[in-house]
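As structure tokens, the structure follows; a few thoughts come after it.
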Amino acid sequence: MTPLNRKLYRDLWRLRGQVLAIALVIASGIAVLAMSLTSMEALTETAVAYYERYRFGDVFASVERAPEHLADRVRQLPGVQAVDTRVVKSAVLDMAGFEEPVIGHLVSIPERRPPDLNQLALRSGRVPRLGYPDEAVLSEPFAEAHGLGLGGTFRAVLNGNWRKLTVVGIALSPEFVYTIGPGALMPDDKRFGIVWLGQEAMQAAFDLDGAFNTISLSLLRGTEPDLIIARLDDMLGRYGGIGAYARKDQMSNWFLMNEIRQLESLAAILPTVFLAVAAFLTNMVLARLIAMERSEIGLLKAFGYRDRDIAWHYVKFVVGVAAVGIALGWAGGYWFGLLNTRLYADFYRFPFLLFDPGPRAFLIAAGASLFAALAGTLGAVRAGVRITPAEAMRPPSPPMFRRTRFGRGRLFGTLDQPTRILLRQIGRWPVRSALTSLGTAMAVAVLVSSLQWLDSIDHLVDVYFRQAQGQDITVGFANTRSSEVARELARMPGVRTAEPMRVVPAKMRFGPREEREALQGLPAVQELSHVYDAAGRAVNLPPDGLVISTQLADMLQVRPGDRITVEVLEGRRPTLEVPVVATFETYIGSPAYMDIRALNRLMHEREAVNSVHLRLDQNEQARFYRELKVVPQVSAVTLKQAAVDTFYETLAQTLLIFIGFFVVFACTLAFGVTYNAARIALSERGRELATLRVLGFTRREISYILLGEIGFLTFVALPLGCVLGYGLGALILNAFKTELYRIPMAIQMETLGLAVLIILSATLFSAFLVRRRLDTLDLIAVLKTRE
């Protein structure tokens, strides 16, 4: 144990309060970074293992009807490893004890052998047997939502006929990690679920003997999916194919991969804030320590210690502080990462969870924090070791002060003596005061950027659901129907208003850019479901031409007046040049709209619809639901209020937990900044405060002089933090932006007030701890201290 090492341990113990405060800030940054990286690693490894074990497909395509022997031709395509054909349909389900109609996504599964691709992860029971067409396997979330187990029964409309089905198995599938129904934004396991039936039973029920309507492919390693997709589209076009797509565009996988990308964004933004503040705090503490040990440095040099020995001593002090933060951050990061991954596992419904983080995530977090701490203190260390022994043995020259214009003003003269003292102290150290305020402001910013998610989600729901949608329910059909179906639904009990809609799949091209997007036809002036601009206005549709979202316009790089090529992927499959008439801003998706009459003309068809929006009499809803269950060919039912409720319920399970994390982190940040600032001020001004006590100042007055400075800097930081929080929130939301949704930036005054109160509470707690030390100040010992 060398003398310098003994001194190092004494310094760490003597400054343990400040060391712990800085370590907690470092730990917060490490915990956020480690949580994000370990969650990314666990989600990725779990998804890869799940996909490989149960043979998730690489390419998917749907057709109207294709013969089974076509699969043999697909298998001959170069690069294709395996092919699996299925029958996939939608049906209305009648679940006991549940009044509303439920939509079942029916998927066939071979009775004679396991499927080649997209195999089931059976949680209990077995698959349907050959010759038992009424046996079914349910997805686990759907079964749990309705309390169904093995042997349970429910009714389903299969091709217009009611059938009573018996549950023989409960399963999960890599194809439905994220189960979302038509038109929904979040999974709703009560109103939408996956049902697997025997393949031959489904072929018989839907008149598809010897045929399929969905095909999945797995590819050999290194095969380019786009080449296979182009060949597959050529082969399936004559059978009503609506365009093949790769795994990256498969809905369930897209949501999962997007979640991983958002964790990457989180790992890049928030830890930077914490580590930057940690660098400032470490520099502040070390600079004061070196200033206090000026004479000791001179003595060490006089006794033969080299500059690099002294520099290494203070570097080890910084490493010691960082080591405490790294240890706490590793523990917190592991725990938060495990909790976060379990939340994702429940949300995305994996049959197993692989959480075995390697050292990479923790080493990256430790390296980043150590780099930040050392970078923040190199200047102080360099300045400390450069002084000569003779100069170090002399007290430092007192700083030169002069009265400022504010100090000579009449207003300053009206202030009491303690207030003038604290304001002069702030003015004499403007850079340090500004950095202290900035550190507290960053704590406010982290809190505001976390809490604003609740306001942003409320604003999105208000615009997308309440302002833009006047319907109570949307009914979708499996096939295009005559517009007479809208009039039939309008005559059902409880229906007050009906509005037709037609949606057709299409490819839209402009120059080299191509996007696959549904073309939606609505009345020119909508009464229920509006083409609604996020600025707060409904958009009427022109008699000809497209009105598209700004998101789609950006993706295609078009603007009003440009003509885009629209290739329709159903019916007669026309390809036309259509002008873009206008654009509008929306938060959800990248929709494209036309007048429904113009769309039907483009399709060379008479009035046709495949969806109807309805407004209901609330007193007649139960009767309407009963009659809707027997309407033929219904494939989708979306209840607006249920969608809103599910949206909030899902967010409550995840978003509030994340906000809780960052409230703790922000409080740690505020505590670390204010506690260190107050402790350093106390160590610097202990003699001055003791002198004031001897001169007759009360404890309250000297507490006011010391803590009033921190209070003043905190109040300056609060509005600055709110502004920075707005910017940080906008940065995070922009990083989270996707083609499917854009979260708007919205912050209510109540949110800013809550953030301010939380930060004030953390600041008051740190002030309380410092005030306790001030109350026990040893006046004699302090006054004996040599300046």
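Residue names in the structure tokens use chain letters A, B, ... in the order shown, residue numbers from 1 in each chain, and ligand numbers from 1 in the order shown.
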**OP:** Once DSSP has gone over the backbone, tell me which residues of segment 590-620 of chain A are in helix (DSSP H, G or I), as a PyMOL selection string.
**Re:** chain A and resi 596-602+618-620
**OP:** Can you pull out every residue within 10 Å of Ala278 of chain A, counting only C-alpha atoms, but drop anything in the same chain fewer than 4 positions away, and send it as a VMD selection string?
**Re:** chain A and resid 21 to 29 272 to 274 282 to 284 322 325 369 to 370 372 to 373 376 439 669 672 to 673
**OP:** Write out as number ranges by chain which residues come within 6 Å of segment 525-537 of chain A when counting only C-alpha atoms, dropping same-chain ones fewer than 3 positions away.
**Re:** A: 468-471, 540, 584-586
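Atom pair atom CA of Asp207 of chain A / atom CA of Gly169 of chain A: separated by 25.1 Å.
The space between atom CA of Thr38 of chain A and atom CA of Gly329 of chain A spans 12.8 Å.
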**OP:** Excluding segment 350-357 of chain A and any residue of its chain fewer than 5 positions from it, enumerate the residues within 12 Å of it, using only C-alpha atoms, and give them as a PyMOL selection string.
**Re:** chain A and resi 34-51+53-54+120-124+139-141+170-179+256+330+333-345+362-363
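For Arg597 of chain A, the list of residues within 10 Å, based on only C-alpha atoms and with local chain neighbours fewer than 2 positions off taken out, reads A:Arg502, A:Gly521, A:Leu522, A:Pro523, A:Ala524, A:Pro543, A:Asp544, A:Met594, A:Asp595, A:Leu599, A:Asn600, A:Arg601, A:Leu602, A:Met603, A:Glu605, A:Arg606, A:Glu607, A:Ala608.
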Emit the selected residues as a compact mmCIF listing (two decimals), in the first residue's frame, including all heavy atoms.
```txt
# COMPACT_ATOMS: atom_id res chain seq x y z
N ARG A 502 -64.32 1.57 -49.87
CA ARG A 502 -63.70 0.48 -50.63
C ARG A 502 -62.18 0.60 -50.51
O ARG A 502 -61.63 1.69 -50.67
CB ARG A 502 -64.10 0.52 -52.10
CG ARG A 502 -63.50 -0.68 -52.85
CD ARG A 502 -64.01 -0.83 -54.25
NE ARG A 502 -63.51 -2.06 -54.84
CZ ARG A 502 -63.71 -2.44 -56.10
NH1 ARG A 502 -64.43 -1.66 -56.90
NH2 ARG A 502 -63.23 -3.59 -56.54
N GLY A 521 -61.14 4.21 -51.00
CA GLY A 521 -62.19 5.02 -51.61
C GLY A 521 -63.25 5.41 -50.59
O GLY A 521 -63.79 4.55 -49.88
N LEU A 522 -63.55 6.71 -50.48
CA LEU A 522 -64.55 7.25 -49.57
C LEU A 522 -65.42 8.25 -50.32
O LEU A 522 -65.03 8.75 -51.40
CB LEU A 522 -63.88 7.95 -48.38
CG LEU A 522 -63.21 7.09 -47.32
CD1 LEU A 522 -62.41 7.96 -46.37
CD2 LEU A 522 -64.24 6.26 -46.56
N PRO A 523 -66.60 8.59 -49.79
CA PRO A 523 -67.38 9.66 -50.42
C PRO A 523 -66.57 10.96 -50.46
O PRO A 523 -65.70 11.20 -49.61
CB PRO A 523 -68.60 9.78 -49.51
CG PRO A 523 -68.71 8.45 -48.83
CD PRO A 523 -67.31 7.97 -48.66
N ALA A 524 -66.87 11.80 -51.43
CA ALA A 524 -66.13 13.05 -51.58
C ALA A 524 -66.21 13.89 -50.30
O ALA A 524 -65.22 14.49 -49.87
CB ALA A 524 -66.66 13.83 -52.77
N PRO A 543 -63.10 15.02 -57.48
CA PRO A 543 -63.79 13.99 -58.29
C PRO A 543 -62.82 13.04 -58.98
O PRO A 543 -63.19 11.91 -59.30
CB PRO A 543 -64.57 14.83 -59.31
CG PRO A 543 -63.91 16.17 -59.30
CD PRO A 543 -63.39 16.37 -57.94
N ASP A 544 -61.62 13.47 -59.24
CA ASP A 544 -60.59 12.61 -59.83
C ASP A 544 -59.25 12.92 -59.15
O ASP A 544 -59.03 14.03 -58.67
CB ASP A 544 -60.46 12.85 -61.35
CG ASP A 544 -61.68 12.32 -62.10
OD1 ASP A 544 -61.85 11.09 -62.13
OD2 ASP A 544 -62.43 13.15 -62.62
N MET A 594 -59.13 8.23 -52.59
CA MET A 594 -59.81 8.68 -53.81
C MET A 594 -61.30 8.75 -53.52
O MET A 594 -61.79 8.08 -52.60
CB MET A 594 -59.60 7.70 -54.97
CG MET A 594 -58.24 7.71 -55.61
SD MET A 594 -58.22 6.65 -57.09
CE MET A 594 -59.10 7.71 -58.26
N ASP A 595 -61.98 9.54 -54.31
CA ASP A 595 -63.44 9.49 -54.29
C ASP A 595 -63.85 8.06 -54.65
O ASP A 595 -63.34 7.49 -55.64
CB ASP A 595 -64.00 10.49 -55.30
CG ASP A 595 -65.51 10.60 -55.25
OD1 ASP A 595 -66.18 9.55 -55.13
OD2 ASP A 595 -66.03 11.72 -55.35
N LEU A 599 -62.75 5.65 -57.79
CA LEU A 599 -62.06 4.37 -57.62
C LEU A 599 -62.79 3.25 -58.34
O LEU A 599 -62.16 2.41 -59.00
CB LEU A 599 -61.92 4.06 -56.13
CG LEU A 599 -61.27 2.72 -55.77
CD1 LEU A 599 -59.87 2.62 -56.35
CD2 LEU A 599 -61.22 2.53 -54.25
N ASN A 600 -64.11 3.23 -58.25
CA ASN A 600 -64.87 2.19 -58.95
C ASN A 600 -64.75 2.35 -60.46
O ASN A 600 -64.70 1.35 -61.19
CB ASN A 600 -66.34 2.24 -58.52
CG ASN A 600 -66.55 1.63 -57.14
OD1 ASN A 600 -65.89 0.67 -56.77
ND2 ASN A 600 -67.46 2.20 -56.36
N ARG A 601 -64.68 3.60 -60.94
CA ARG A 601 -64.45 3.80 -62.39
C ARG A 601 -63.07 3.29 -62.78
O ARG A 601 -62.91 2.68 -63.84
CB ARG A 601 -64.57 5.29 -62.73
CG ARG A 601 -65.99 5.82 -62.71
CD ARG A 601 -66.10 7.13 -63.46
NE ARG A 601 -65.18 8.14 -62.95
CZ ARG A 601 -65.49 9.00 -61.98
NH1 ARG A 601 -66.70 8.95 -61.41
NH2 ARG A 601 -64.61 9.88 -61.55
N LEU A 602 -62.07 3.54 -61.92
CA LEU A 602 -60.73 3.05 -62.21
C LEU A 602 -60.70 1.53 -62.29
O LEU A 602 -59.97 0.95 -63.09
CB LEU A 602 -59.77 3.55 -61.12
CG LEU A 602 -58.28 3.23 -61.24
CD1 LEU A 602 -57.45 4.36 -60.65
CD2 LEU A 602 -57.91 1.93 -60.52
N MET A 603 -61.53 0.88 -61.45
CA MET A 603 -61.61 -0.58 -61.43
C MET A 603 -62.51 -1.13 -62.53
O MET A 603 -62.66 -2.35 -62.66
CB MET A 603 -62.12 -1.05 -60.07
CG MET A 603 -61.23 -0.67 -58.89
SD MET A 603 -59.66 -1.53 -58.89
CE MET A 603 -60.17 -3.21 -58.63
N GLU A 605 -65.72 -0.99 -62.64
CA GLU A 605 -66.81 -1.69 -61.96
C GLU A 605 -67.90 -0.70 -61.56
O GLU A 605 -67.65 0.51 -61.46
CB GLU A 605 -66.30 -2.42 -60.72
CG GLU A 605 -65.29 -3.52 -61.02
CD GLU A 605 -64.70 -4.14 -59.76
OE1 GLU A 605 -65.11 -3.72 -58.66
OE2 GLU A 605 -63.83 -5.01 -59.88
N ARG A 606 -69.09 -1.24 -61.33
CA ARG A 606 -70.17 -0.41 -60.80
C ARG A 606 -69.94 -0.16 -59.32
O ARG A 606 -68.93 -0.55 -58.77
CB ARG A 606 -71.51 -1.10 -61.03
CG ARG A 606 -71.87 -1.24 -62.51
CD ARG A 606 -73.26 -1.84 -62.67
NE ARG A 606 -73.62 -1.93 -64.08
CZ ARG A 606 -74.79 -2.39 -64.52
NH1 ARG A 606 -75.71 -2.82 -63.63
NH2 ARG A 606 -75.04 -2.44 -65.81
N GLU A 607 -70.90 0.49 -58.69
CA GLU A 607 -70.75 0.82 -57.28
C GLU A 607 -70.46 -0.44 -56.46
O GLU A 607 -71.22 -1.39 -56.50
CB GLU A 607 -72.02 1.49 -56.75
CG GLU A 607 -72.29 2.85 -57.36
CD GLU A 607 -73.48 3.52 -56.73
OE1 GLU A 607 -74.03 2.95 -55.77
OE2 GLU A 607 -73.87 4.59 -57.19
N ALA A 608 -69.32 -0.41 -55.77
CA ALA A 608 -68.90 -1.57 -54.98
C ALA A 608 -68.23 -1.08 -53.70
O ALA A 608 -67.63 0.00 -53.66
CB ALA A 608 -67.95 -2.45 -55.79
```
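Within 10 Å of Pro182 of chain A, once only C-alpha atoms are used and residues closer than 6 positions along the same chain are dropped, the contacting residues are Ile103, Phe192, Gly476, Ser635, Ala636, Val637 and Thr638 of chain A.
Considering only C-alpha atoms, the residue among A:Asn619, A:Leu266, A:Glu750, A:Ser703 positioned nearest to Phe662 of chain A is A:Leu266.
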**OP:** Name the residues of segment 456-583 of chain A that fall into strand (DSSP E) according to DSSP on the backbone, using the chain letters and numbers of this document, as a VMD selection string.
**Re:** chain A and resid 473 to 482 495 to 510 513 to 522 532 to 533 537 to 538 546 to 549 563 to 568 575 to 583
As a CSV table (one decimal) with N, CA, C and O atoms, in the first residue's frame, please: the residues near segment 724-726 of chain A (cut-off 9 Å, only C-alpha atoms, same-chain neighbours under 4 positions excluded).
```csv
chain,number,residue,atom,x,y,z
A,441,ALA,N,-31.1,21.6,-15.3
A,441,ALA,CA,-32.0,21.8,-16.4
A,441,ALA,C,-32.1,20.5,-17.2
A,441,ALA,O,-33.1,20.1,-17.7
A,442,MET,N,-30.9,19.7,-17.3
A,442,MET,CA,-31.0,18.5,-18.0
A,442,MET,C,-31.8,17.4,-17.3
A,442,MET,O,-32.5,16.6,-17.9
A,443,ALA,N,-31.8,17.5,-16.0
A,443,ALA,CA,-32.7,16.6,-15.2
A,443,ALA,C,-34.1,16.9,-15.5
A,443,ALA,O,-35.0,16.0,-15.7
A,444,VAL,N,-34.5,18.2,-15.5
A,444,VAL,CA,-35.8,18.6,-15.9
A,444,VAL,C,-36.2,18.1,-17.3
A,444,VAL,O,-37.3,17.6,-17.6
A,445,ALA,N,-35.2,18.3,-18.2
A,445,ALA,CA,-35.4,17.9,-19.6
A,445,ALA,C,-35.7,16.4,-19.7
A,445,ALA,O,-36.6,16.0,-20.5
A,446,VAL,N,-34.9,15.6,-19.0
A,446,VAL,CA,-35.2,14.1,-19.1
A,446,VAL,C,-36.6,13.8,-18.6
A,446,VAL,O,-37.3,12.9,-19.2
A,447,LEU,N,-37.0,14.5,-17.5
A,447,LEU,CA,-38.3,14.2,-17.0
A,447,LEU,C,-39.4,14.7,-17.9
A,447,LEU,O,-40.4,14.0,-18.1
A,448,VAL,N,-39.3,15.9,-18.5
A,448,VAL,CA,-40.3,16.4,-19.4
A,448,VAL,C,-40.4,15.5,-20.6
A,448,VAL,O,-41.5,15.1,-21.1
A,449,SER,N,-39.2,15.1,-21.2
A,449,SER,CA,-39.2,14.2,-22.4
A,449,SER,C,-39.9,12.9,-22.1
A,449,SER,O,-40.3,12.2,-23.0
A,450,SER,N,-39.9,12.4,-20.8
A,450,SER,CA,-40.5,11.1,-20.5
A,450,SER,C,-42.0,11.3,-20.3
A,450,SER,O,-42.8,10.6,-20.8
A,452,GLN,N,-43.9,13.7,-21.4
A,452,GLN,CA,-44.7,14.2,-22.5
A,452,GLN,C,-45.2,13.1,-23.4
A,452,GLN,O,-46.1,13.3,-24.1
A,719,PRO,N,-37.2,26.8,-16.1
A,719,PRO,CA,-37.7,27.1,-17.4
A,719,PRO,C,-36.8,26.6,-18.5
A,719,PRO,O,-37.2,26.2,-19.6
A,720,LEU,N,-35.4,26.7,-18.3
A,720,LEU,CA,-34.5,26.2,-19.3
A,720,LEU,C,-34.7,24.7,-19.5
A,720,LEU,O,-34.7,24.3,-20.6
A,730,ALA,N,-38.7,16.0,-28.7
A,730,ALA,CA,-38.8,16.1,-30.2
A,730,ALA,C,-37.8,15.2,-30.8
A,730,ALA,O,-38.1,14.5,-31.8
A,731,LEU,N,-36.6,15.2,-30.3
A,731,LEU,CA,-35.5,14.4,-30.8
A,731,LEU,C,-35.8,12.9,-30.7
A,731,LEU,O,-35.6,12.1,-31.6
A,745,MET,N,-45.7,15.8,-31.2
A,745,MET,CA,-45.1,16.4,-30.0
A,745,MET,C,-46.2,17.3,-29.4
A,745,MET,O,-46.7,18.2,-30.0
A,746,ALA,N,-46.5,16.9,-28.1
A,746,ALA,CA,-47.5,17.7,-27.4
A,746,ALA,C,-47.2,17.6,-25.9
A,746,ALA,O,-47.0,16.6,-25.4
A,747,ILE,N,-47.1,18.8,-25.3
A,747,ILE,CA,-46.9,18.9,-23.9
A,747,ILE,C,-47.9,19.8,-23.2
A,747,ILE,O,-48.0,21.0,-23.6
```
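Remark: for Ala592 of chain A, the closest of the candidate residues A:Gln520, A:Gln76, A:Asn258, A:Thr674 is A:Gln520 (distances computed over only C-alpha atoms).
Of the listed residues A:Gly17, A:Ser482, A:Asp226, A:Asp462, the one whose atoms come nearest to Arg773 of chain A is A:Gly17, with distances taken using only C-alpha atoms.
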**OP:** Using atom CA of Pro418 of chain A and atom CA of Gly696 of chain A as the two end points, give the distance in Å to one decimal.
**Re:** 12.4 Å
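Checking A:Glu701, A:Arg679, A:Lys190, A:Leu733 one by one against Val770 of chain A, counting only C-alpha atoms, you find the shortest gap at A:Arg679.
Shortest separation to Ala365 of chain A among A:Ala31, A:Val558, A:Leu769, A:Leu689 occurs at residue A:Ala31, atoms counted being only C-alpha atoms.
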Subject >> Using only C-alpha atoms: which of A:Leu728, A:Val663, A:Ala490, A:Ala143 has the shortest distance to Asp189 of chain A >> reply: A:Ala143
